[in-house]
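Structure, as structure tokens:
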Amino acid sequence: MSIDVKQMIESGKTVLGIELGSTRIKAVLIGEDNVPIASGSHEWENQLVNNIWTYSVESVWKGLQDSYQQLIENVKEQYGVSIKTIGAIGFSAMMHGYMVFDKEGELLVPFRTWRNNMTEQASNQLTELLNYNIPQRWSIAHLYQAILNGEEHVNQIAFQTTLAGYVHWKLTGEKVLGVGEASGVFPIDLSTKQYNETMLTQFNELIASKNLPWKLEDVLPSVLVAGENAGTLTEEGAKLLDVSGELQSGIPLCPPEGDAGTGMVATNSIAKRTGNVSAGTSAFAMVVLEKDLSKVHPEIDLVTTPTGNLVAMAHSNNCSSDLNAWVGLFDEFTKALGIEVDKTKLYETLFNSALSGDPDAGGLLSYGYLSGEHMTHFEEGRPLFVRSTGSTFNLANFMRTHLFTAFGAMKIGMDILFKEEKVELDEVLGHGGLFKTEGVGQRFLAAAFNVPVSVMETAGEGGAWGIALLGSYMINKNDNETLESFLNDHVFAGQTVKTVSPDPIDVEGFEQFMERYKQGLEIERAAVNTLR
């Protein structure tokens, strides 16, 4: 096996995927069978500078170089060879945000990440103008807010892109984005898979009175779909990525994508009527739609798959943080008793206890709002647990409440899709920390959505693997082979998948809990207003 892998590496029959996530930059090398054979990673954190969440350009390159060096070391350790060439490379990063450059290619203002809630005025005006939901974190909202603020740098803009687009540009010289990533920059026309021309015109007319020396289409990156060639690694780019100087230029790159698109690929949920839910610190559900929504919903973002199909996204800022804090309290308690309990065992015991709780969690209520929650219109949050004198207060119901509420805000968005827009789903793929304890988070998500929920063995591989698969698709696909077919036939065939169907009693119980959740938002509001 290792001999085959060694030959694969030496002959360049591998694909490299690197994703710049919010806390980690991960590099994954896959073989001809699309299975990971080596990896490297680099931890990093955003900085709050002048009230703006940012990462410095220096930290971007330091992190990329370090994650690649870690990968090289991992390859040498396992297989005793160096990486000189690769079949294809792909870059992915957290979506949205604001990176603008002048005609010399210099960054005009520090990178503004998706995390900045500073574009409300622009977001509201653009949503009304375009009749299309433009969330605050979208790149176009950041650009228009800078124009509204009269920021000096706006006159000098020659190019605007995302973090993934920036890295790709510096390594290839190509100013491009994959369509999934581009859909978080500006709305996409589903028929052309390009920016919506009518909306481009509307935007240009909106800013005409500012007499800026550019039109929007002149500063945005070109849009490519999955499978298209997005340029090759230049000599300068090879030296920038691999400081050891061993990596050769000329390697093809696939279109750079966002973390939403790579998550869809890594969970094989890019086909219509499928969806995936990522549940960790935050939670978001992505559903591939069969048709446009009937109207604009501020709670629902519209993006696309890497192939350009429409995706509805329900995103909640809070999911498992408060739940983890309660598990930490139980951990403290067992230690105080002089008992050492393995953290995994503790999670499993507490999570499994929830299965024997009352269907509606016994009248208990909690909100895990560690931060604000846009889905329910909270700028700030206060983690909260509350019960009435008639509630059934026991461990099973307590844990069930915290697991239910972890999906609560996201469910409000999903109910818009299911109940108002009549969206139908065949299956949801679950991934993230909340699904680690087998069968528990999965069962409750099935109850929340009333849809079968599957969890795959590889769901933990994440976005770096997802962008590597997009690179593999670009160089290995057959004529006219769709990404959906490629993933089904060459990546996920034979995958171990565990599926849980919704239990009608759980479904009814979750609905009862959600009525209590919605009514109790006044309690959360009072907590925000009074607890400092």
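Quick note on naming: the chains in the structure tokens go A, B, ... in the order shown, residues restart at 1 in each chain, and ligands are numbered from 1 in order of appearance.
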
Would you return as JSON, numbers by chain the members of stretch 63-236 of chain A that DSSP assigns to strand (DSSP E or B) on this structure's backbone?
{"A": [88, 89, 90, 91, 92, 93, 98, 99, 100, 101, 107, 112, 159, 160, 161, 176, 177, 178, 188, 189, 194, 195, 222, 223, 224, 232]}

Report as CSV: every residue of stretch 3-31 of chain A with an atom at most 8 Å from stretch 65-73 of chain A, its closest pair of atoms, and their distance in Å to one decimal, counting only C-alpha atoms, with rows sorted by chain and ascending residue number.
residue,atom,partner,partner_atom,distance
A:Ile25,CA,A:Ser67,CA,6.5
A:Lys26,CA,A:Ser67,CA,6.2
A:Ala27,CA,A:Ser67,CA,6.0
A:Val28,CA,A:Leu71,CA,7.5
A:Leu29,CA,A:Leu71,CA,7.8

Write the residues of the preceding selection, restricted to C-alpha atoms, as an mmCIF file, in the first residue's frame.
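Written file, selection-v4.cif:
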data_model
loop_
_atom_site.group_PDB
_atom_site.id
_atom_site.type_symbol
_atom_site.label_atom_id
_atom_site.label_comp_id
_atom_site.auth_asym_id
_atom_site.auth_seq_id
_atom_site.Cartn_x
_atom_site.Cartn_y
_atom_site.Cartn_z
ATOM 1 C CA ILE A 25 -5.689 26.258 8.116
ATOM 2 C CA LYS A 26 -5.760 22.632 6.991
ATOM 3 C CA ALA A 27 -3.929 20.968 4.105
ATOM 4 C CA VAL A 28 -5.016 17.531 2.858
ATOM 5 C CA LEU A 29 -3.291 15.421 0.189
#

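These are the residues of stretch 306-343 of chain A assigned alpha helix (DSSP H) by DSSP from backbone coordinates: Ser321, Asp322, Leu323, Asn324, Ala325, Trp326, Val327, Gly328, Leu329, Phe330, Asp331, Glu332, Phe333, Thr334, Lys335, Ala336 and Lys343 of chain A.
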
Writing out the chosen residues with C-alpha atoms as a PDB file, in the first residue's frame:
ATOM      1  CA  SER A 321     -21.165  26.295  23.263  1.00  0.00           C
ATOM      2  CA  ASP A 322     -23.615  26.473  26.181  1.00  0.00           C
ATOM      3  CA  LEU A 323     -24.245  22.723  26.007  1.00  0.00           C
ATOM      4  CA  ASN A 324     -20.473  22.174  26.285  1.00  0.00           C
ATOM      5  CA  ALA A 325     -20.362  24.517  29.285  1.00  0.00           C
ATOM      6  CA  TRP A 326     -22.950  22.389  31.111  1.00  0.00           C
ATOM      7  CA  VAL A 327     -20.992  19.214  30.326  1.00  0.00           C
ATOM      8  CA  GLY A 328     -17.948  21.038  31.744  1.00  0.00           C
ATOM      9  CA  LEU A 329     -19.918  21.671  34.965  1.00  0.00           C
ATOM     10  CA  PHE A 330     -20.722  17.945  35.289  1.00  0.00           C
ATOM     11  CA  ASP A 331     -17.029  17.250  34.661  1.00  0.00           C
ATOM     12  CA  GLU A 332     -16.136  19.566  37.557  1.00  0.00           C
ATOM     13  CA  PHE A 333     -18.678  17.806  39.772  1.00  0.00           C
ATOM     14  CA  THR A 334     -17.269  14.322  39.097  1.00  0.00           C
ATOM     15  CA  LYS A 335     -13.745  15.594  39.814  1.00  0.00           C
ATOM     16  CA  ALA A 336     -14.981  17.133  43.095  1.00  0.00           C
ATOM     17  CA  LYS A 343     -14.610  13.347  28.564  1.00  0.00           C
TER      18      LYS A 343
END

For this session: Write out as number ranges by chain which residues come within 10 Å of A:Gly250 when counting only C-alpha atoms, dropping same-chain ones fewer than 6 positions away.
Result: A: 85-88, 172, 231-235, 237-238

Which residues are close to stretch 407-424 of chain A, i.e. within 9 Å by only C-alpha atoms, leaving aside same-chain residues fewer than 6 positions away? Reply as a PyMOL selection string. chain A and resi 273-274+279+283-285+287+289-291+293-295+297+299-300+312-319+367+373-376+444-445+448-449+514+517-518

Excluding same-chain residues fewer than 2 positions from A:Phe351, what lies within 10 Å of it counting only C-alpha atoms, as an mmCIF file with N, CA and C atoms, in the first residue's frame?
data_model
loop_
_atom_site.group_PDB
_atom_site.id
_atom_site.type_symbol
_atom_site.label_atom_id
_atom_site.label_comp_id
_atom_site.auth_asym_id
_atom_site.auth_seq_id
_atom_site.Cartn_x
_atom_site.Cartn_y
_atom_site.Cartn_z
ATOM 1 N N VAL A 327 -21.758 20.466 30.209
ATOM 2 C CA VAL A 327 -20.992 19.214 30.326
ATOM 3 C C VAL A 327 -19.730 19.475 31.154
ATOM 4 N N LYS A 345 -16.667 9.672 27.414
ATOM 5 C CA LYS A 345 -17.634 8.868 28.175
ATOM 6 C C LYS A 345 -18.677 9.769 28.831
ATOM 7 N N LEU A 346 -18.221 10.923 29.342
ATOM 8 C CA LEU A 346 -19.132 11.871 29.972
ATOM 9 C C LEU A 346 -20.155 12.398 28.964
ATOM 10 N N TYR A 347 -19.678 12.806 27.786
ATOM 11 C CA TYR A 347 -20.581 13.278 26.733
ATOM 12 C C TYR A 347 -21.584 12.183 26.349
ATOM 13 N N GLU A 348 -21.064 10.979 26.131
ATOM 14 C CA GLU A 348 -21.942 9.874 25.714
ATOM 15 C C GLU A 348 -23.015 9.590 26.763
ATOM 16 N N THR A 349 -22.617 9.585 28.037
ATOM 17 C CA THR A 349 -23.564 9.301 29.123
ATOM 18 C C THR A 349 -24.648 10.364 29.195
ATOM 19 N N SER A 353 -28.603 9.996 27.956
ATOM 20 C CA SER A 353 -29.680 10.156 28.954
ATOM 21 C C SER A 353 -30.859 10.912 28.349
ATOM 22 N N ALA A 354 -30.565 11.815 27.391
ATOM 23 C CA ALA A 354 -31.620 12.627 26.772
ATOM 24 C C ALA A 354 -32.632 11.772 26.014
ATOM 25 N N LEU A 355 -32.218 10.593 25.582
ATOM 26 C CA LEU A 355 -33.110 9.734 24.790
ATOM 27 C C LEU A 355 -34.306 9.247 25.603
ATOM 28 N N ALA A 396 -32.594 13.621 32.253
ATOM 29 C CA ALA A 396 -32.961 13.296 30.873
ATOM 30 C C ALA A 396 -33.592 14.503 30.182
ATOM 31 N N MET A 399 -30.947 17.455 29.675
ATOM 32 C CA MET A 399 -30.060 17.264 28.520
ATOM 33 C C MET A 399 -30.827 17.358 27.205
ATOM 34 N N ARG A 400 -32.043 16.836 27.207
ATOM 35 C CA ARG A 400 -32.871 16.894 25.985
ATOM 36 C C ARG A 400 -33.147 18.361 25.615
ATOM 37 N N HIS A 402 -31.277 20.994 26.256
ATOM 38 C CA HIS A 402 -30.081 21.643 25.709
ATOM 39 C C HIS A 402 -29.750 21.141 24.308
ATOM 40 N N LEU A 403 -30.060 19.899 24.019
ATOM 41 C CA LEU A 403 -29.842 19.386 22.658
ATOM 42 C C LEU A 403 -30.892 19.947 21.702
ATOM 43 N N LEU A 434 -21.598 17.894 17.236
ATOM 44 C CA LEU A 434 -22.833 17.474 17.897
ATOM 45 C C LEU A 434 -23.274 16.064 17.484
ATOM 46 N N THR A 437 -21.512 11.704 19.340
ATOM 47 C CA THR A 437 -22.165 10.644 20.118
ATOM 48 C C THR A 437 -23.219 10.003 19.228
ATOM 49 N N GLU A 438 -22.986 8.758 18.898
ATOM 50 C CA GLU A 438 -23.786 8.095 17.860
ATOM 51 C C GLU A 438 -25.282 8.086 18.182
ATOM 52 N N GLY A 439 -26.076 8.528 17.196
ATOM 53 C CA GLY A 439 -27.521 8.354 17.247
ATOM 54 C C GLY A 439 -28.315 9.379 18.040
ATOM 55 N N VAL A 440 -27.658 10.287 18.773
ATOM 56 C CA VAL A 440 -28.412 11.206 19.633
ATOM 57 C C VAL A 440 -28.722 12.516 18.907
ATOM 58 N N GLY A 441 -27.678 13.297 18.594
ATOM 59 C CA GLY A 441 -27.903 14.528 17.836
ATOM 60 C C GLY A 441 -28.614 14.236 16.528
#

One residue among A:Gly97, A:Pro213, A:Gly105, A:Gly180 is nearest to A:Val154 when using only C-alpha atoms, and that residue is A:Pro213

| query | Counting only C-alpha atoms, which of A:Asp503, A:Glu511, A:Asp426, A:Glu19 gets nearest to A:Gly275? | reply |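 Of the candidates, the smallest distance to A:Gly275 is held by A:Asp426.
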
Quick one: of A:Gly178, A:Gly245, A:Gly21, A:Gly509, who's nearest to A:Ile83, counting only C-alpha atoms?
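Smallest distance to A:Ile83 is found for A:Gly245.
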
**Q.** Long-range neighbours of A:Glu197 as a ChimeraX atom specification, 10 Å cut-off, only C-alpha atoms, 6 positions minimum in chain
**A.** /A:187-189,203,217

Among the residues A:Val15, A:Ile339, A:Ala526, A:Val288, the one that comes closest to A:Tyr473 [using only C-alpha atoms]
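The answer is A:Val15, which sits nearest to A:Tyr473.
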
inquiry  = So that I can see what lies close to A:Lys210, please list as a count of residues only the residues with an atom at most 12 Å from it, counting only C-alpha atoms and leaving out residues fewer than 2 positions away in the same chain.
reply    = 18

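Counting only C-alpha atoms and comparing A:Trp169, A:Ala266, A:Thr499, A:Ser454, the residue that lies closest to A:Val35 is A:Ala266.
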
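The closest residue to A:Lys193, picked from A:Thr262, A:Gln136, A:Gln519, A:Thr305 and counting only C-alpha atoms, is A:Thr305.
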
- Tell me, in Å to one decimal, how far atom CA of A:Pro221 is from atom CA of A:Ile467.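 Atom-to-atom, atom CA of A:Pro221 to atom CA of A:Ile467, that is 18.9 Å.
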
Sorted per-residue table, stretch 259-347 of chain A near stretch 482-489 of chain A, closest atoms and distance, 7 Å, only C-alpha atoms, as a Markdown table:
| residue | atom | partner | partner_atom | distance |
| --- | --- | --- | --- | --- |
| A:Asn268 | CA | A:Leu487 | CA | 6.7 |
| A:Ile270 | CA | A:Glu484 | CA | 6.7 |
| A:Ala271 | CA | A:Glu484 | CA | 6.5 |

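Atom pair atom CA of A:Asn34 / atom CA of A:Val265 has a distance of 12.4 Å (rounded to one decimal).
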